[in-house]
Amino acid sequence: MYGDSATVRKILTELGDTWAVVGLSTNERRAAYGVAAVLKRYGKRIVPVHPKAETVHGEKGYASLSEIPFDVDVVDVFVNSDLAGPVADEAAAIGAKAVWFQLGVIDEAAYERTRAAGLDMVMDRCPAIEIPKLG
């Protein structure tokens, strides 16, 4: 398990409400679209990050994390595992407080680097599943 329940709770309730969702586009069939809607319903500010930089759920999109002109608290990653490590590295570089790799996104080396950089991290879990459990 990559992220115990205390870390999950901390990320969802203590680290801030601005979530960059990497891989979020206007494609309603993609998991990122639905998860972002749930996070928004729970009061999180969603920042779409996708090469197309589309506006999603009423929020302006950016092509990369480094283009976001304000602080990001959590980076939620919806990319293939082989692409996720560089996203985690970029999250650390922009000063994010945490990284969340979605279900099926696993990169143990990125997990170790991200934790060593001082960020909280959860991997292979979904915040849309976890946040309603908080009560």
# chains A, B, ... in the order shown; residues from 1 in each chain; ligands from 1
call {"tool": "residues_around", "arguments": {"residues": "range 37-54 of chain A", "least_positions_apart": "6", "cutoff": "8 Å", "atoms": "only C-alpha atoms", "output": "PyMOL selection string"}}
result
chain A and resi 17-26+60-65+127-128+131
call {"tool": "write_last_selection", "arguments": {"atoms": "C-alpha atoms", "output": "PDB file, in the first residue's frame"}}
result
ATOM      1  CA  ASP A  17      -7.803  22.737  -1.732  1.00  0.00           C
ATOM      2  CA  THR A  18      -6.084  23.523  -5.058  1.00  0.00           C
ATOM      3  CA  TRP A  19      -5.704  20.284  -7.023  1.00  0.00           C
ATOM      4  CA  ALA A  20      -3.976  20.142 -10.395  1.00  0.00           C
ATOM      5  CA  VAL A  21      -5.435  17.164 -12.256  1.00  0.00           C
ATOM      6  CA  VAL A  22      -2.885  15.972 -14.815  1.00  0.00           C
ATOM      7  CA  GLY A  23      -4.606  14.278 -17.738  1.00  0.00           C
ATOM      8  CA  LEU A  24      -7.939  16.070 -17.255  1.00  0.00           C
ATOM      9  CA  SER A  25      -9.647  16.962 -20.526  1.00  0.00           C
ATOM     10  CA  THR A  26     -13.206  17.558 -21.706  1.00  0.00           C
ATOM     11  CA  LYS A  60      -9.101  27.177 -17.083  1.00  0.00           C
ATOM     12  CA  GLY A  61      -6.671  24.489 -18.206  1.00  0.00           C
ATOM     13  CA  TYR A  62      -2.900  24.590 -18.559  1.00  0.00           C
ATOM     14  CA  ALA A  63      -0.593  22.560 -20.795  1.00  0.00           C
ATOM     15  CA  SER A  64       1.815  21.747 -17.950  1.00  0.00           C
ATOM     16  CA  LEU A  65       2.202  22.144 -14.202  1.00  0.00           C
ATOM     17  CA  PRO A 127      -9.487  10.398  -4.039  1.00  0.00           C
ATOM     18  CA  ALA A 128     -13.076  10.137  -5.319  1.00  0.00           C
ATOM     19  CA  ILE A 131     -13.016  11.413   0.234  1.00  0.00           C
TER      20      ILE A 131
END
call {"tool": "select_by_dssp", "arguments": {"residues": "chain A", "states": "strand (DSSP E)", "output": "list in words"}}
result
Thr18, Trp19, Ala20, Val21, Val22, Arg45, Ile46, Val47, Pro48, Val49, Val74, Val75, Asp76, Val77, Ala98, Val99, Trp100, Phe101, Asp120, Met121 and Val122 of chain A
call {"tool": "residues_around", "arguments": {"residues": "Gln102 in chain A", "least_positions_apart": "3", "cutoff": "7 Å", "atoms": "only C-alpha atoms", "output": "PyMOL selection string"}}
result
chain A and resi 77-78+105+123-126
call {"tool": "closest_residue", "arguments": {"among": "A:Arg29, A:Thr13, A:Val99, A:Ala84", "to": "Met121 in chain A", "atoms": "only C-alpha atoms"}}
result
A:Val99
call {"tool": "decode", "arguments": {"residues": "range 22-34 of chain A", "atoms": "N, CA, C and O atoms", "output": "mmCIF file, in the first residue's frame"}}
result
data_model
loop_
_atom_site.group_PDB
_atom_site.id
_atom_site.type_symbol
_atom_site.label_atom_id
_atom_site.label_comp_id
_atom_site.auth_asym_id
_atom_site.auth_seq_id
_atom_site.Cartn_x
_atom_site.Cartn_y
_atom_site.Cartn_z
ATOM 1 N N VAL A 22 -3.668 16.197 -13.608
ATOM 2 C CA VAL A 22 -2.885 15.972 -14.815
ATOM 3 C C VAL A 22 -3.534 14.853 -15.633
ATOM 4 O O VAL A 22 -3.710 13.738 -15.148
ATOM 5 N N GLY A 23 -3.897 15.208 -16.863
ATOM 6 C CA GLY A 23 -4.606 14.278 -17.738
ATOM 7 C C GLY A 23 -6.086 14.606 -17.859
ATOM 8 O O GLY A 23 -6.823 13.908 -18.550
ATOM 9 N N LEU A 24 -6.528 15.678 -17.216
ATOM 10 C CA LEU A 24 -7.939 16.070 -17.255
ATOM 11 C C LEU A 24 -8.239 16.835 -18.542
ATOM 12 O O LEU A 24 -7.616 17.852 -18.831
ATOM 13 N N SER A 25 -9.200 16.319 -19.296
ATOM 14 C CA SER A 25 -9.647 16.962 -20.526
ATOM 15 C C SER A 25 -11.174 17.019 -20.517
ATOM 16 O O SER A 25 -11.813 16.632 -19.550
ATOM 17 N N THR A 26 -11.744 17.469 -21.607
ATOM 18 C CA THR A 26 -13.206 17.558 -21.706
ATOM 19 C C THR A 26 -13.845 16.214 -22.058
ATOM 20 O O THR A 26 -15.065 16.138 -22.181
ATOM 21 N N ASN A 27 -13.059 15.166 -22.184
ATOM 22 C CA ASN A 27 -13.579 13.837 -22.506
ATOM 23 C C ASN A 27 -14.295 13.264 -21.276
ATOM 24 O O ASN A 27 -13.661 12.811 -20.324
ATOM 25 N N GLU A 28 -15.617 13.295 -21.317
ATOM 26 C CA GLU A 28 -16.429 12.870 -20.175
ATOM 27 C C GLU A 28 -16.338 11.372 -19.904
ATOM 28 O O GLU A 28 -16.729 10.918 -18.829
ATOM 29 N N ARG A 29 -15.823 10.600 -20.845
ATOM 30 C CA ARG A 29 -15.701 9.148 -20.651
ATOM 31 C C ARG A 29 -14.443 8.763 -19.876
ATOM 32 O O ARG A 29 -14.301 7.622 -19.462
ATOM 33 N N ARG A 30 -13.536 9.696 -19.702
ATOM 34 C CA ARG A 30 -12.289 9.408 -18.989
ATOM 35 C C ARG A 30 -12.503 9.537 -17.481
ATOM 36 O O ARG A 30 -13.265 10.381 -17.011
ATOM 37 N N ALA A 31 -11.807 8.694 -16.733
ATOM 38 C CA ALA A 31 -11.938 8.694 -15.272
ATOM 39 C C ALA A 31 -11.606 10.059 -14.671
ATOM 40 O O ALA A 31 -12.253 10.488 -13.709
ATOM 41 N N ALA A 32 -10.627 10.746 -15.223
ATOM 42 C CA ALA A 32 -10.227 12.041 -14.676
ATOM 43 C C ALA A 32 -11.398 13.017 -14.630
ATOM 44 O O ALA A 32 -11.527 13.801 -13.680
ATOM 45 N N TYR A 33 -12.253 12.969 -15.627
ATOM 46 C CA TYR A 33 -13.392 13.889 -15.691
ATOM 47 C C TYR A 33 -14.329 13.685 -14.493
ATOM 48 O O TYR A 33 -14.714 14.640 -13.817
ATOM 49 N N GLY A 34 -14.674 12.435 -14.224
ATOM 50 C CA GLY A 34 -15.573 12.134 -13.111
ATOM 51 C C GLY A 34 -14.936 12.380 -11.763
ATOM 52 O O GLY A 34 -15.579 12.910 -10.844
#
